[in-house]
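Just my_file-v6.cif here, mmCIF, C-alpha atoms (C1' of nucleotides):
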```cif
data_structure
#
loop_
_atom_site.group_PDB
_atom_site.id
_atom_site.type_symbol
_atom_site.label_atom_id
_atom_site.label_comp_id
_atom_site.auth_asym_id
_atom_site.auth_seq_id
_atom_site.Cartn_x
_atom_site.Cartn_y
_atom_site.Cartn_z
ATOM 1 C CA MET A 1 -17.932 1.416 12.809
ATOM 2 C CA ARG A 2 -19.006 5.004 12.461
ATOM 3 C CA PRO A 3 -21.556 6.005 9.805
ATOM 4 C CA THR A 4 -20.235 6.388 6.280
ATOM 5 C CA PRO A 5 -19.610 10.009 5.306
ATOM 6 C CA GLN A 6 -21.958 11.190 2.588
ATOM 7 C CA THR A 7 -19.783 13.910 1.100
ATOM 8 C CA GLU A 8 -16.141 14.505 0.413
ATOM 9 C CA LEU A 9 -16.206 17.485 2.767
ATOM 10 C CA GLU A 10 -17.701 15.399 5.563
ATOM 11 C CA LEU A 11 -15.011 12.755 5.118
ATOM 12 C CA LEU A 12 -12.234 15.333 5.069
ATOM 13 C CA GLY A 13 -13.656 17.056 8.141
ATOM 14 C CA ARG A 14 -13.794 13.800 10.002
ATOM 15 C CA ALA A 15 -10.213 12.974 8.990
ATOM 16 C CA ARG A 16 -9.098 16.393 10.232
ATOM 17 C CA ASP A 17 -10.746 15.693 13.580
ATOM 18 C CA LEU A 18 -8.503 12.647 13.979
ATOM 19 C CA ALA A 19 -5.316 14.662 13.491
ATOM 20 C CA GLY A 20 -3.298 14.919 16.695
ATOM 21 C CA LEU A 21 -4.972 11.974 18.400
ATOM 22 C CA SER A 22 -3.067 8.834 19.387
ATOM 23 C CA LEU A 23 -3.792 5.329 18.142
ATOM 24 C CA GLY A 24 -4.417 4.298 21.755
ATOM 25 C CA GLU A 25 -7.217 6.855 22.119
ATOM 26 C CA LEU A 26 -8.714 5.866 18.797
ATOM 27 C CA ALA A 27 -8.581 2.170 19.688
ATOM 28 C CA LEU A 28 -10.299 2.848 23.011
ATOM 29 C CA GLN A 29 -13.103 4.747 21.289
ATOM 30 C CA ALA A 30 -13.554 1.963 18.758
ATOM 31 C CA ASP A 31 -13.378 -0.691 21.477
ATOM 32 C CA ILE A 32 -10.512 -2.342 19.603
ATOM 33 C CA VAL A 33 -7.553 -3.902 21.450
ATOM 34 C CA THR A 34 -4.151 -2.395 20.638
ATOM 35 C CA PRO A 35 -1.687 -5.192 19.798
ATOM 36 C CA PRO A 36 1.826 -5.107 21.344
ATOM 37 C CA ASP A 37 3.333 -4.387 17.914
ATOM 38 C CA LEU A 38 2.496 -4.821 14.236
ATOM 39 C CA LYS A 39 4.432 -8.050 13.613
ATOM 40 C CA ARG A 40 1.298 -10.117 13.520
ATOM 41 C CA ASP A 41 -1.133 -7.281 12.841
ATOM 42 C CA LYS A 42 0.341 -5.449 9.875
ATOM 43 C CA GLY A 43 -2.963 -3.999 8.761
ATOM 44 C CA TRP A 44 -4.126 -2.877 12.191
ATOM 45 C CA VAL A 45 -3.511 0.853 11.774
ATOM 46 C CA GLY A 46 -5.331 0.937 8.450
ATOM 47 C CA GLN A 47 -8.295 -0.934 9.871
ATOM 48 C CA LEU A 48 -8.507 1.320 12.911
ATOM 49 C CA LEU A 49 -8.648 4.406 10.696
ATOM 50 C CA GLU A 50 -11.238 2.710 8.464
ATOM 51 C CA TRP A 51 -13.446 2.268 11.506
ATOM 52 C CA HIS A 52 -13.200 5.901 12.530
ATOM 53 C CA LEU A 53 -13.802 7.221 9.050
ATOM 54 C CA GLY A 54 -16.649 4.838 8.279
ATOM 55 C CA ALA A 55 -15.024 3.082 5.329
ATOM 56 C CA THR A 56 -17.287 0.457 3.836
ATOM 57 C CA ALA A 57 -15.131 -1.793 1.698
ATOM 58 C CA GLY A 58 -13.587 -4.092 4.287
ATOM 59 C CA SER A 59 -11.565 -6.637 2.357
ATOM 60 C CA ARG A 60 -13.723 -6.382 -0.762
ATOM 61 C CA PRO A 61 -12.076 -5.251 -3.996
ATOM 62 C CA ILE A 62 -13.823 -1.875 -4.148
ATOM 63 C CA PRO A 63 -12.897 1.676 -3.064
ATOM 64 C CA ASP A 64 -12.995 2.416 0.658
ATOM 65 C CA PHE A 65 -15.628 5.053 0.077
ATOM 66 C CA VAL A 66 -17.503 3.736 -2.945
ATOM 67 C CA GLU A 67 -20.005 6.558 -3.262
ATOM 68 C CA LEU A 68 -17.230 9.136 -3.091
ATOM 69 C CA GLY A 69 -14.752 7.195 -5.229
ATOM 70 C CA ILE A 70 -12.067 7.705 -2.617
ATOM 71 C CA GLU A 71 -9.330 5.308 -1.549
ATOM 72 C CA LEU A 72 -7.938 5.505 1.999
ATOM 73 C CA LYS A 73 -4.203 5.056 2.595
ATOM 74 C CA THR A 74 -2.433 5.378 5.916
ATOM 75 C CA ILE A 75 1.262 6.089 5.591
ATOM 76 C CA PRO A 76 3.896 5.536 8.299
ATOM 77 C CA ILE A 77 6.085 8.601 8.875
ATOM 78 C CA GLY A 78 9.556 8.725 10.449
ATOM 79 C CA TYR A 79 11.189 11.349 12.683
ATOM 80 C CA ASN A 80 12.407 13.110 9.546
ATOM 81 C CA GLY A 81 8.816 13.557 8.402
ATOM 82 C CA LYS A 82 9.254 11.202 5.483
ATOM 83 C CA PRO A 83 7.490 7.907 4.729
ATOM 84 C CA LEU A 84 9.112 4.845 6.272
ATOM 85 C CA GLU A 85 7.607 2.415 3.793
ATOM 86 C CA THR A 86 6.530 2.162 0.190
ATOM 87 C CA THR A 87 2.776 2.188 -0.388
ATOM 88 C CA PHE A 88 0.976 -0.820 -1.792
ATOM 89 C CA VAL A 89 -1.513 0.158 -4.496
ATOM 90 C CA CYS A 90 -2.923 -3.002 -6.056
ATOM 91 C CA VAL A 91 -2.036 -6.404 -7.432
ATOM 92 C CA ALA A 92 -0.518 -6.442 -10.910
ATOM 93 C CA PRO A 93 -2.315 -8.459 -13.574
ATOM 94 C CA LEU A 94 0.079 -11.042 -15.042
ATOM 95 C CA ILE A 95 -2.163 -12.785 -17.606
ATOM 96 C CA GLY A 96 -5.126 -11.899 -19.800
ATOM 97 C CA LEU A 97 -3.536 -8.634 -20.784
ATOM 98 C CA GLN A 98 -5.030 -8.209 -24.277
ATOM 99 C CA GLY A 99 -6.583 -4.799 -24.677
ATOM 100 C CA LEU A 100 -5.305 -3.583 -21.326
ATOM 101 C CA SER A 101 -4.346 0.078 -21.416
ATOM 102 C CA TRP A 102 -3.389 2.669 -18.822
ATOM 103 C CA GLU A 103 -6.769 4.310 -19.313
ATOM 104 C CA ASN A 104 -8.729 1.268 -18.177
ATOM 105 C CA SER A 105 -6.169 -0.077 -15.718
ATOM 106 C CA HIS A 106 -7.055 -0.966 -12.156
ATOM 107 C CA ILE A 107 -4.174 1.098 -10.812
ATOM 108 C CA ARG A 108 -5.232 4.332 -12.524
ATOM 109 C CA HIS A 109 -8.689 4.060 -10.990
ATOM 110 C CA LYS A 110 -7.249 3.236 -7.570
ATOM 111 C CA LEU A 111 -5.065 6.313 -7.598
ATOM 112 C CA ALA A 112 -7.655 8.697 -9.066
ATOM 113 C CA LYS A 113 -8.531 10.047 -5.609
ATOM 114 C CA VAL A 114 -6.693 9.074 -2.436
ATOM 115 C CA LEU A 115 -7.115 10.256 1.137
ATOM 116 C CA TRP A 116 -3.615 10.048 2.655
ATOM 117 C CA ILE A 117 -3.392 9.888 6.435
ATOM 118 C CA PRO A 118 0.126 10.116 7.866
ATOM 119 C CA VAL A 119 0.709 8.221 11.120
ATOM 120 C CA GLU A 120 3.833 8.173 13.266
ATOM 121 C CA GLY A 121 5.549 4.925 12.381
ATOM 122 C CA GLU A 122 8.870 4.694 14.206
ATOM 123 C CA ARG A 123 9.115 1.302 15.876
ATOM 124 C CA ASP A 124 10.492 2.733 19.099
ATOM 125 C CA ILE A 125 7.225 4.593 19.664
ATOM 126 C CA PRO A 126 4.744 2.234 21.361
ATOM 127 C CA LEU A 127 1.845 1.593 19.005
ATOM 128 C CA ALA A 128 -0.725 3.200 21.318
ATOM 129 C CA ASP A 129 1.398 6.369 21.601
ATOM 130 C CA ARG A 130 1.727 6.991 17.881
ATOM 131 C CA HIS A 131 -0.133 10.059 16.635
ATOM 132 C CA VAL A 132 -2.241 10.635 13.550
ATOM 133 C CA GLY A 133 -1.281 13.548 11.307
ATOM 134 C CA SER A 134 -3.177 15.902 9.016
ATOM 135 C CA PRO A 135 -4.924 14.237 6.087
ATOM 136 C CA LEU A 136 -4.312 15.033 2.438
ATOM 137 C CA LEU A 137 -6.911 14.472 -0.275
ATOM 138 C CA TRP A 138 -4.916 13.915 -3.451
ATOM 139 C CA SER A 139 -5.474 13.340 -7.140
ATOM 140 C CA PRO A 140 -2.537 12.954 -9.530
ATOM 141 C CA SER A 141 -1.512 16.110 -11.360
ATOM 142 C CA ALA A 142 -1.028 15.850 -15.122
ATOM 143 C CA ASP A 143 2.714 15.453 -14.580
ATOM 144 C CA GLU A 144 2.281 12.823 -11.867
ATOM 145 C CA GLU A 145 -0.102 10.821 -14.005
ATOM 146 C CA GLN A 146 2.332 10.908 -16.907
ATOM 147 C CA ARG A 147 5.116 9.544 -14.711
ATOM 148 C CA LEU A 148 2.832 6.842 -13.336
ATOM 149 C CA ARG A 149 1.776 5.922 -16.836
ATOM 150 C CA ARG A 150 5.357 5.704 -18.104
ATOM 151 C CA ASP A 151 6.326 3.357 -15.285
ATOM 152 C CA TRP A 152 3.198 1.271 -15.648
ATOM 153 C CA GLU A 153 3.718 0.843 -19.386
ATOM 154 C CA GLU A 154 7.358 -0.131 -18.941
ATOM 155 C CA LEU A 155 6.479 -2.742 -16.321
ATOM 156 C CA MET A 156 3.478 -4.109 -18.201
ATOM 157 C CA ASP A 157 5.544 -4.411 -21.393
ATOM 158 C CA MET A 158 8.011 -6.617 -19.568
ATOM 159 C CA ILE A 159 5.183 -8.731 -18.126
ATOM 160 C CA VAL A 160 3.579 -9.201 -21.547
ATOM 161 C CA LEU A 161 6.920 -10.235 -23.024
ATOM 162 C CA GLY A 162 7.311 -12.903 -20.357
ATOM 163 C CA HIS A 163 10.012 -11.046 -18.430
ATOM 164 C CA VAL A 164 8.194 -10.692 -15.132
ATOM 165 C CA GLU A 165 10.961 -12.525 -13.264
ATOM 166 C CA GLN A 166 13.552 -10.071 -14.578
ATOM 167 C CA ILE A 167 11.688 -7.138 -13.022
ATOM 168 C CA THR A 168 13.153 -5.794 -9.789
ATOM 169 C CA ALA A 169 11.959 -3.040 -7.461
ATOM 170 C CA ARG A 170 14.506 -0.737 -9.121
ATOM 171 C CA HIS A 171 12.466 -0.552 -12.300
ATOM 172 C CA GLY A 172 10.164 2.459 -12.532
ATOM 173 C CA GLU A 173 10.755 6.035 -11.422
ATOM 174 C CA ILE A 174 7.927 6.290 -8.888
ATOM 175 C CA LEU A 175 6.059 3.013 -9.328
ATOM 176 C CA GLN A 176 7.676 -0.326 -8.575
ATOM 177 C CA LEU A 177 6.683 -3.980 -8.916
ATOM 178 C CA ARG A 178 7.398 -6.336 -6.002
ATOM 179 C CA PRO A 179 6.135 -9.641 -4.647
ATOM 180 C CA LYS A 180 2.835 -9.487 -2.808
ATOM 181 C CA ALA A 181 2.043 -12.860 -1.324
ATOM 182 C CA ALA A 182 1.269 -14.745 1.853
ATOM 183 C CA ASN A 183 4.583 -16.589 1.432
ATOM 184 C CA SER A 184 6.951 -17.929 -1.196
ATOM 185 C CA LYS A 185 4.737 -20.941 -1.857
ATOM 186 C CA ALA A 186 1.728 -18.933 -3.025
ATOM 187 C CA LEU A 187 2.200 -18.961 -6.776
ATOM 188 C CA THR A 188 0.102 -17.588 -9.591
ATOM 189 C CA GLU A 189 0.182 -17.926 -13.355
ATOM 190 C CA ALA A 190 2.180 -15.641 -15.651
ATOM 191 C CA TYR A 191 3.701 -15.584 -19.131
ATOM 192 C CA GLY A 192 7.105 -17.215 -19.606
ATOM 193 C CA ALA A 193 9.763 -15.954 -22.011
ATOM 194 C CA ASN A 194 8.445 -18.160 -24.828
ATOM 195 C CA GLY A 195 4.813 -17.399 -24.189
ATOM 196 C CA GLN A 196 4.306 -20.589 -22.206
ATOM 197 C CA PRO A 197 2.580 -20.354 -18.820
ATOM 198 C CA ILE A 198 4.827 -20.266 -15.748
ATOM 199 C CA LYS A 199 4.143 -20.154 -12.033
ATOM 200 C CA THR A 200 5.488 -17.127 -10.215
ATOM 201 C CA LEU A 201 4.964 -15.062 -7.086
ATOM 202 C CA PRO A 202 2.002 -12.682 -7.272
ATOM 203 C CA ARG A 203 3.214 -9.115 -7.738
ATOM 204 C CA GLY A 204 1.914 -5.794 -6.519
ATOM 205 C CA PHE A 205 2.393 -2.208 -7.601
ATOM 206 C CA TYR A 206 3.916 -0.002 -4.924
ATOM 207 C CA LEU A 207 4.596 3.740 -4.808
ATOM 208 C CA LYS A 208 8.219 4.478 -3.925
ATOM 209 C CA THR A 209 8.839 6.486 -0.762
ATOM 210 C CA HIS A 210 10.496 9.406 -2.531
ATOM 211 C CA PHE A 211 7.284 9.938 -4.466
ATOM 212 C CA THR A 212 4.907 9.812 -1.491
ATOM 213 C CA ALA A 213 7.348 12.077 0.348
ATOM 214 C CA GLU A 214 6.916 14.587 -2.497
ATOM 215 C CA LEU A 215 3.157 14.495 -2.146
ATOM 216 C CA LEU A 216 3.148 15.081 1.573
ATOM 217 C CA GLU A 217 5.813 17.741 1.305
ATOM 218 C CA ARG A 218 3.874 19.625 -1.321
ATOM 219 C CA TYR A 219 0.936 19.623 1.058
ATOM 220 C CA PHE A 220 2.862 20.849 4.073
ATOM 221 C CA ILE A 221 4.302 23.695 2.042
ATOM 222 C CA LEU A 222 0.857 24.886 0.972
ATOM 223 C "C1'" DA B 1 -6.226 -18.591 -4.178
ATOM 224 C "C1'" DG B 2 -7.266 -13.968 -4.234
ATOM 225 C "C1'" DT B 3 -8.658 -9.556 -2.021
ATOM 226 C "C1'" DT B 4 -8.016 -6.098 1.679
ATOM 227 C "C1'" DG B 5 -4.843 -3.852 5.202
ATOM 228 C "C1'" DA B 6 0.442 -3.239 5.021
ATOM 229 C "C1'" DT B 7 5.189 -4.062 7.846
ATOM 230 C "C1'" DC B 8 9.092 -7.201 8.729
ATOM 231 C "C1'" DA B 9 13.773 -8.768 8.175
ATOM 232 C "C1'" DT B 10 17.734 -8.388 5.707
ATOM 233 C "C1'" DC B 11 20.835 -6.575 2.453
ATOM 234 C "C1'" DT B 12 23.397 -2.979 0.460
ATOM 235 C "C1'" DA C 1 19.718 4.699 6.813
ATOM 236 C "C1'" DG C 2 17.095 3.339 3.011
ATOM 237 C "C1'" DA C 3 15.489 0.101 -0.219
ATOM 238 C "C1'" DT C 4 14.344 -4.599 -1.473
ATOM 239 C "C1'" DG C 5 12.334 -8.994 -1.326
ATOM 240 C "C1'" DA C 6 9.548 -11.775 1.922
ATOM 241 C "C1'" DT C 7 5.892 -12.185 4.828
ATOM 242 C "C1'" DC C 8 1.473 -11.777 8.306
ATOM 243 C "C1'" DA C 9 -3.685 -11.810 9.252
ATOM 244 C "C1'" DA C 10 -8.599 -11.397 8.208
ATOM 245 C "C1'" DC C 11 -11.935 -12.040 5.015
ATOM 246 C "C1'" DT C 12 -14.266 -13.560 0.463
#
```
Would you mind writing the file out in structure tokens?
Amino acid sequence: MRPTPQTELELLGRARDLAGLSLGELALQADIVTPPDLKRDKGWVGQLLEWHLGATAGSRPIPDFVELGIELKTIPIGYNGKPLETTFVCVAPLIGLQGLSWENSHIRHKLAKVLWIPVEGERDIPLADRHVGSPLLWSPSADEEQRLRRDWEELMDMIVLGHVEQITARHGEILQLRPKAANSKALTEAYGANGQPIKTLPRGFYLKTHFTAELLERYFIL
DNA sequence: AGTTGATCATCT
DNA sequence: AGATGATCAACT
């Protein structure tokens, strides 16, 4: 892995240097084998970019660039220039919610500063031939944070009231709650409708594609 | 079992 | 075509 960037500017510069290159070239430089597809290597693109940018976190629950407080997110882009997938942010807490507020929530800290790196994601482009786009260093605007907060509070209210299993991905304007698990047998504890503990699928917060599309679009217009 | 990285497969 | 619910792998 390359050395960790010491400043925001250094990180951004390095990310800009990757723009226009293909994943095949980047894999060659990193001495990493390109898999045939992402079926069994869903996190491969993210890990390849982590290597090139010198991210330090690995699979630990801390920011990718701890010293800079920056989170790295790659985002697959279609031929129309829009995201092909929602973006996973973090796991949603389902128990021990006393005193939890938006201000001290895990998700607010995760989204405080994000380096977005668009990558061609259409499945008919061979993985090695997909190109990296221009990076965007983003922090939520006041309006964006308000929308995130509204969604988060709505979803957390339902969880606290024991309605987690009534939540679908349609709830929330820009933030959604969906299963995030190895498989349907990996269960975790949550509140039931009568306050009793139940076992349910772990959930994650995801950003809806129309929202991430907005972000990237705003950038390309500037 | 939980974290990280997400995409896959299917339904509407 | 796009969104939803389900799933994969590595690592702690």
Item to complete: Step by step, work through what the PyMOL selection byres ((chain C and resi 1) around 12) selects in the shown file, and finish by giving those residues as an NGL selection string.
Response: (:A and (78 or 80 or 84)) or (:B and (12)) or (:C and (2-3))
Just to be explicit: take each residue in the selection above, keep C-alpha atoms (C1' of nucleotides), and write the result as a PDB file, keeping the file's coordinate frame.
```
ATOM      1  CA  GLY A  78       9.556   8.725  10.449  1.00  0.00           C
ATOM      2  CA  ASN A  80      12.407  13.110   9.546  1.00  0.00           C
ATOM      3  CA  LEU A  84       9.112   4.845   6.272  1.00  0.00           C
TER       4      LEU A  84
ATOM      5  C1'  DT B  12      23.397  -2.979   0.460  1.00  0.00           C
TER       6       DT B  12
ATOM      7  C1'  DG C   2      17.095   3.339   3.011  1.00  0.00           C
ATOM      8  C1'  DA C   3      15.489   0.101  -0.219  1.00  0.00           C
TER       9       DA C   3
END
```
Item to complete: Please write as an NGL selection string the full residue list that the PyMOL selection byres ((chain A) within 9 of (chain C)) yields on this file.
Response: :A and (39-43 or 58-60 or 84 or 168-170 or 178-184)
Item to complete: Up to 12 Å from chain B, what residues of chain A turn up? Count all atoms listed in the file and give them as a VMD selection string.
Response: chain A and resid 37 to 50 56 to 64 71 to 76 84 to 91 93 121 to 123 180 to 182 185 to 189 202 204 206
Worksheet item: So what do you get for atom CA of A:Trp138 versus atom CA of A:Tyr79, distance-wise?
Response: 22.9 Å
Item to complete: Determine the residue set returned by the PyMOL selection byres ((chain A and resi 141-153) around 10) for the present structure, and present it as a VMD selection string.
Response: chain A and resid 92 101 to 103 105 107 to 108 111 to 112 138 to 140 154 to 159 171 to 177 205 207 211 215
Worksheet item: Please, what distance in Å, to one decimal, runs between atom CA of A:Ala55 and atom CA of A:Leu216?
Response: 22.1 Å
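Take the candidates A:Ala30, A:Val119, A:Leu137, A:Leu23 and check each one against A:Leu11 using only C-alpha atoms; the shortest distance goes to A:Leu137.
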Fill in: atom CA of A:Phe65 to atom CA of A:Gln29, straight-line distance in Å
21.4 Å
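Candidate residues A:Pro135, A:Gly69, A:Gly162, A:Gly81 were compared for distance to A:Pro5, and the nearest is A:Gly69, using only C-alpha atoms.
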List every protein, DNA or RNA residue that has an atom no more than 6 Å from (-12.9, 15.5, 4.0) in the file's coordinate frame, counting all atoms listed in the file, and report them as a PDB file with C-alpha atoms, in the frame of the given file.
```pdb
ATOM      1  CA  GLU A   8     -16.141  14.505   0.413  1.00  0.00           C
ATOM      2  CA  LEU A   9     -16.206  17.485   2.767  1.00  0.00           C
ATOM      3  CA  GLU A  10     -17.701  15.399   5.563  1.00  0.00           C
ATOM      4  CA  LEU A  11     -15.011  12.755   5.118  1.00  0.00           C
ATOM      5  CA  LEU A  12     -12.234  15.333   5.069  1.00  0.00           C
ATOM      6  CA  GLY A  13     -13.656  17.056   8.141  1.00  0.00           C
TER       7      GLY A  13
END
```
